[in-house]
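Everything below concerns the one structure shown next.
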Amino acid sequence: MKLVFQRYKNPTFFLSLLLVLIFGLCALRSGAVEVNWNHWSKLFAFGHSLLFSEGVTHPLDGETYVLWYLRIPRVLLGVFVGASLGLSGALVQGLFRNPLADPSLLGVTTGAACAAALTIVLISKQSMLFSFEVRVWLLPFVSFMGAFLTCMFLNIGASWLMPGSIAGLLLLGIALNALGVAVIGFCTYLATDEQLRSLSFWTLGSLAGANWTIVPGLGIVLVAVYLWCRTQAQQLNALNLGEATAASLGVLVPRLRWTVSVMVALLAGVSVAFCGVIGFIGLIAPHLARAFVGADMRALLPISMLLGALLMLTADTLARTIVIPAEIPVGIFTALLGGPFLMLLLHTKRHRVE
Amino acid sequence: MLKMHNVMKQLGLRRFGPYLLQIRRAETVAILGPNGVGKSTLLRLLSGAYQPSFGLVCLNDRPLNNWPADTLSQNRAVLNQSQDIVFPLATGLVIGLGRVARAGDAVCNQIVASAAAMLDVSHLLERTVDTLSGGELARVQLARICAQLWDVEDGFILMDEPIAAVDPGLQDLMLETLMRFARIRRHAVVAIVHDINHALRYFSRLILLHTDGQLECVKSGLEAKHALERLYGIRLSCLHDEQGDLIMFPLRRNKSKNSQFF
C-alpha cells in the first residue's frame, strides 16, 4: 500500500497549493490601483445584491471595478496559464522522453502563434462577418490547430526522419520553430499598423487581455486536461522505460502519443491564444517539480502544474508592479526567474553526482 | 504455444527469414548466433515489437496482432536490450510498472515486494534507478519481468541478452532464479545468450541462427557441439566439471589460417 499512498502523504502538493493561494492574494492586493479589504466587502455586497435583490442598488466605484473586471481575471488568468504551461511541459517531457523538451523549444507554441498571426493578418479584414462570440473563440481554436499540427508533425516526422533519436527530435523542433518564426516575420511584414499592434502582443506575451469571457474557458480546459492526465500518468511512467518496453507492458504507445499530443496542443494552443508566447515556464516547472517529488508522473503532473502557476503569478505581478503605472512584458520576467532557477538546479544535480 | 510460420521481415535492404519455429509451453530455449545475424530481429518478431512483412506469429493459435495489448502483456513478458530510463523513477515503481496493464491491481505492492525479494533487490526499492549499478539495474529489470508474470501460468518470457552487463557470479544467480521462477509457473523462456555454457546449462533447446540466415534447432548437450562449431567457425573442446556438468571451451584458432591475412 505504501507505493500507492506515497503521493497522498507527500506534503509538497498541499504546500504548493497553499503557496499559490497566498501568492494569488498578494497579487490581488498589489498593482497600480490600491485595493484593500474595504473594496472586497463592497464587491461582495454588490454580488449579494445582484443575486438576492431585484436590480442593482449601489453601482461599483472605481477601485472595486478595477478589482472585479481587471485584477481578479488577470490573476486567475496568470494562474491558469502558468498551470497550463507547467502541465504541458511535464507532458511533453514525458512524451518525448527528454528533459530538454518544452512546448516553446519544440516549436509547438510557435506553431500556435504562427497560426494566430496568419489569422490576424488574413482574416481580420473580414472580421465584421463574424459575431463577437465567434471572434473570441476563433483565435483559440486556430492556435490550437497550429499547436496540434506542429505536435503531429513532430511525432510523425521525428520517428520517420530519425527513428529513436532524441537529438533528431530536438533538431526537427528547432527547424519547425525557425519556420514558424519566419512565417510570423512575414505576417509582420504584411500587417497594417493596427494588426501589427495585436501581433506584437502575441510574440511578446502578456496577460493584459484577461477578461471574464476567457478565464472560465481556460479554467475548464485546464481542469479537463488535468483530470484526463491523471488517468494516463502510469502509462507515461511506463513510456519512460522505453517505447518498446512500454509496448510490451501493454501500453498502446501510438494511441498514448496521439492523445497526449492533443492535450499538449490544447494547453499550449489555448494559452498562446489568450496571452501570446510565454517561454521558459514549460521547461522550468517540471524540472523544479522533479527536484521536489521525483520523476513519478503521478506526483509530477500536479506539482509541475502548481509550480508553473506560482512562477507565472510571480512573474506577472513583478511585470505589472515594478514600474507602475507602466508594464514590462511578462516574458522578460519568466526568463529572468527561469534562467537562474535552472542553473541552481544543475548545480544541485552536480553535487548529487559527486 | 508460440509459433512462427514462414515469417519474413524486410528491414531496409536486408531480409530476415523465412523463419519456421515453435516454442512449446514451459520450454527453455536459447538463441545463439554470430553478431549481426538477426537474433534481436527474430526476438522482436516473436514478441510482436516488429510486424512481420510476411507470415504470421501466433501465440496460442491466435496471431499476435489480434491480441489486445493488455491481455498479451499478461501472457508474455519482454526484456529488451537497450533499457535507458530517462527520468529517475523509484526502483519499486519500475518493478510495479510490470503490472501497468492490470487495472485496479490490488496485489501489485505485494508482488513487487516478493519479486524484489526473489532477486535480492529489496533494499533498493526506495532508491531511484539512476543511482543503481549495472548489475543492480539488470536485476531490477528482471524483477519487473517476474512481477509481470507473477500470478499467471503458461506464459512466455522473451529476453535479449539479459545478463550481458553482469558479473559471472550474478549471471548464474539471475539465470537460476529466473529458471526456478519459470519452472514453477510453467512459463517458457526464450533468451538470446552469447555464452555457450550458459546456454547448455540452463536451456533445454538451442536455436542456432547461421550467417546465411538459416535456423537450426538442436537439443542442449553434447550433441550440439558440431552445430556450435559450425555456427561460430571455431573448434570446441568438451570437459566435465566436478559435478559432471558439460563445459565447452573454444580452442585457439588455427594459426596458419589467420596468418594469411598478415
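Going through the C-alpha cells in order, the chains are called A, B, and so on, while each chain numbers its residues from 1 and the ligands are numbered from 1 in the order shown.
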
For this session: Output as number ranges by chain the set of chain B residues within 6 Å of chain A, with distances taken over only C-alpha atoms.
Result: B: 69-70, 73, 85, 87-89, 101

Write a file of the just-selected residues containing N, CA and C atoms, as an mmCIF file, in the first residue's frame.
```
data_model
loop_
_atom_site.group_PDB
_atom_site.id
_atom_site.type_symbol
_atom_site.label_atom_id
_atom_site.label_comp_id
_atom_site.auth_asym_id
_atom_site.auth_seq_id
_atom_site.Cartn_x
_atom_site.Cartn_y
_atom_site.Cartn_z
ATOM 1 N N ALA B 69 -3.642 -5.495 -26.329
ATOM 2 C CA ALA B 69 -2.316 -5.237 -25.760
ATOM 3 C C ALA B 69 -2.236 -5.642 -24.286
ATOM 4 N N ASP B 70 -3.305 -5.375 -23.518
ATOM 5 C CA ASP B 70 -3.218 -5.661 -22.075
ATOM 6 C C ASP B 70 -3.253 -7.170 -21.807
ATOM 7 N N SER B 73 0.096 -8.645 -22.644
ATOM 8 C CA SER B 73 1.138 -8.358 -21.653
ATOM 9 C C SER B 73 0.986 -9.234 -20.418
ATOM 10 N N ILE B 85 16.406 4.506 -19.010
ATOM 11 C CA ILE B 85 15.320 5.150 -18.282
ATOM 12 C C ILE B 85 15.718 6.610 -18.122
ATOM 13 N N PHE B 87 14.110 9.532 -16.994
ATOM 14 C CA PHE B 87 13.869 10.224 -15.736
ATOM 15 C C PHE B 87 13.987 9.223 -14.597
ATOM 16 N N PRO B 88 14.685 9.576 -13.529
ATOM 17 C CA PRO B 88 14.979 8.609 -12.466
ATOM 18 C C PRO B 88 13.763 8.235 -11.634
ATOM 19 N N LEU B 89 13.097 7.181 -12.012
ATOM 20 C CA LEU B 89 11.964 6.673 -11.243
ATOM 21 C C LEU B 89 12.481 5.886 -10.054
ATOM 22 N N ALA B 101 -0.648 -2.851 -16.997
ATOM 23 C CA ALA B 101 -1.829 -3.125 -17.826
ATOM 24 C C ALA B 101 -2.984 -3.701 -17.022
#
```

For this session: Check stretch 53-193 of chain A with DSSP on the backbone and list each residue it calls alpha helix (DSSP H), as an MDAnalysis selection string.
Result: chainID A and resid 62:66 72:95 108:123 132:161 166:190 193

For this session: Might you pull out every residue within 12 Å of B:Tyr19, with only C-alpha atoms counted and same-chain residues fewer than 5 positions away left off, and present them as a list in words?
Result: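 The residues satisfying every condition are Lys3, Met4, His5, Asn6, Val7, Met8, Lys9, Gly38, Lys39, Thr41, Leu42, Leu43, Leu45, Leu46, Pro52, Ser53, Phe54, Gly55, Leu56, Val57, Ile207, Leu208, Leu209, His210, Gly213, Gln214, Leu215, Glu216 and Cys217 of chain B.
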
Exercise. Got a sec: who's within 10 Å of A:Phe341, counting only C-alpha atoms, leaving out chain neighbours fewer than 6 positions off, as a VMD selection string?
Worked result: chain A and resid 284 to 285 287 to 288 335 347

Exercise. So what do you get for atom CA of A:Gly209 versus atom CA of A:Gly269, distance-wise?
Worked result: 15.6 Å

Exercise. Near B:Gly98, counting only C-alpha atoms, which residues have an atom at most 6 Å away, once you skip same-chain residues fewer than 3 positions from it, shown as an MDAnalysis selection string?
Worked result: chainID B and resid 95 144 147:148

Please, could you write that set of residues out with N, CA and C atoms as an mmCIF file, in the first residue's frame?
```
data_model
loop_
_atom_site.group_PDB
_atom_site.id
_atom_site.type_symbol
_atom_site.label_atom_id
_atom_site.label_comp_id
_atom_site.auth_asym_id
_atom_site.auth_seq_id
_atom_site.Cartn_x
_atom_site.Cartn_y
_atom_site.Cartn_z
ATOM 1 N N ILE B 95 9.576 -1.725 -10.948
ATOM 2 C CA ILE B 95 9.147 -3.120 -10.858
ATOM 3 C C ILE B 95 7.627 -3.197 -10.962
ATOM 4 N N ARG B 144 11.067 -6.807 -12.713
ATOM 5 C CA ARG B 144 9.884 -6.260 -13.395
ATOM 6 C C ARG B 144 9.210 -7.332 -14.252
ATOM 7 N N ALA B 147 7.447 -9.734 -11.951
ATOM 8 C CA ALA B 147 6.206 -9.171 -11.424
ATOM 9 C C ALA B 147 5.107 -9.234 -12.478
ATOM 10 N N GLN B 148 5.520 -9.038 -13.747
ATOM 11 C CA GLN B 148 4.534 -9.036 -14.829
ATOM 12 C C GLN B 148 3.845 -10.390 -14.958
#
```

For this session: Excluding stretch 305-322 of chain A and any residue of its chain fewer than 6 positions from it, enumerate the residues within 6 Å of it, using only C-alpha atoms, and give them as a VMD selection string.
Result: chain A and resid 20 27 31 78 to 79 82 to 83 86 to 87 285 328 330 333 to 334

Exercise. Restricting the calculation to only C-alpha atoms, which member of B:Gln10, B:Asn75, B:Ser237, B:Asn66 is positioned closest to B:Arg186?
Worked result: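 Of B:Gln10, B:Asn75, B:Ser237, B:Asn66, the one nearest B:Arg186, counting only C-alpha atoms, is B:Asn75.
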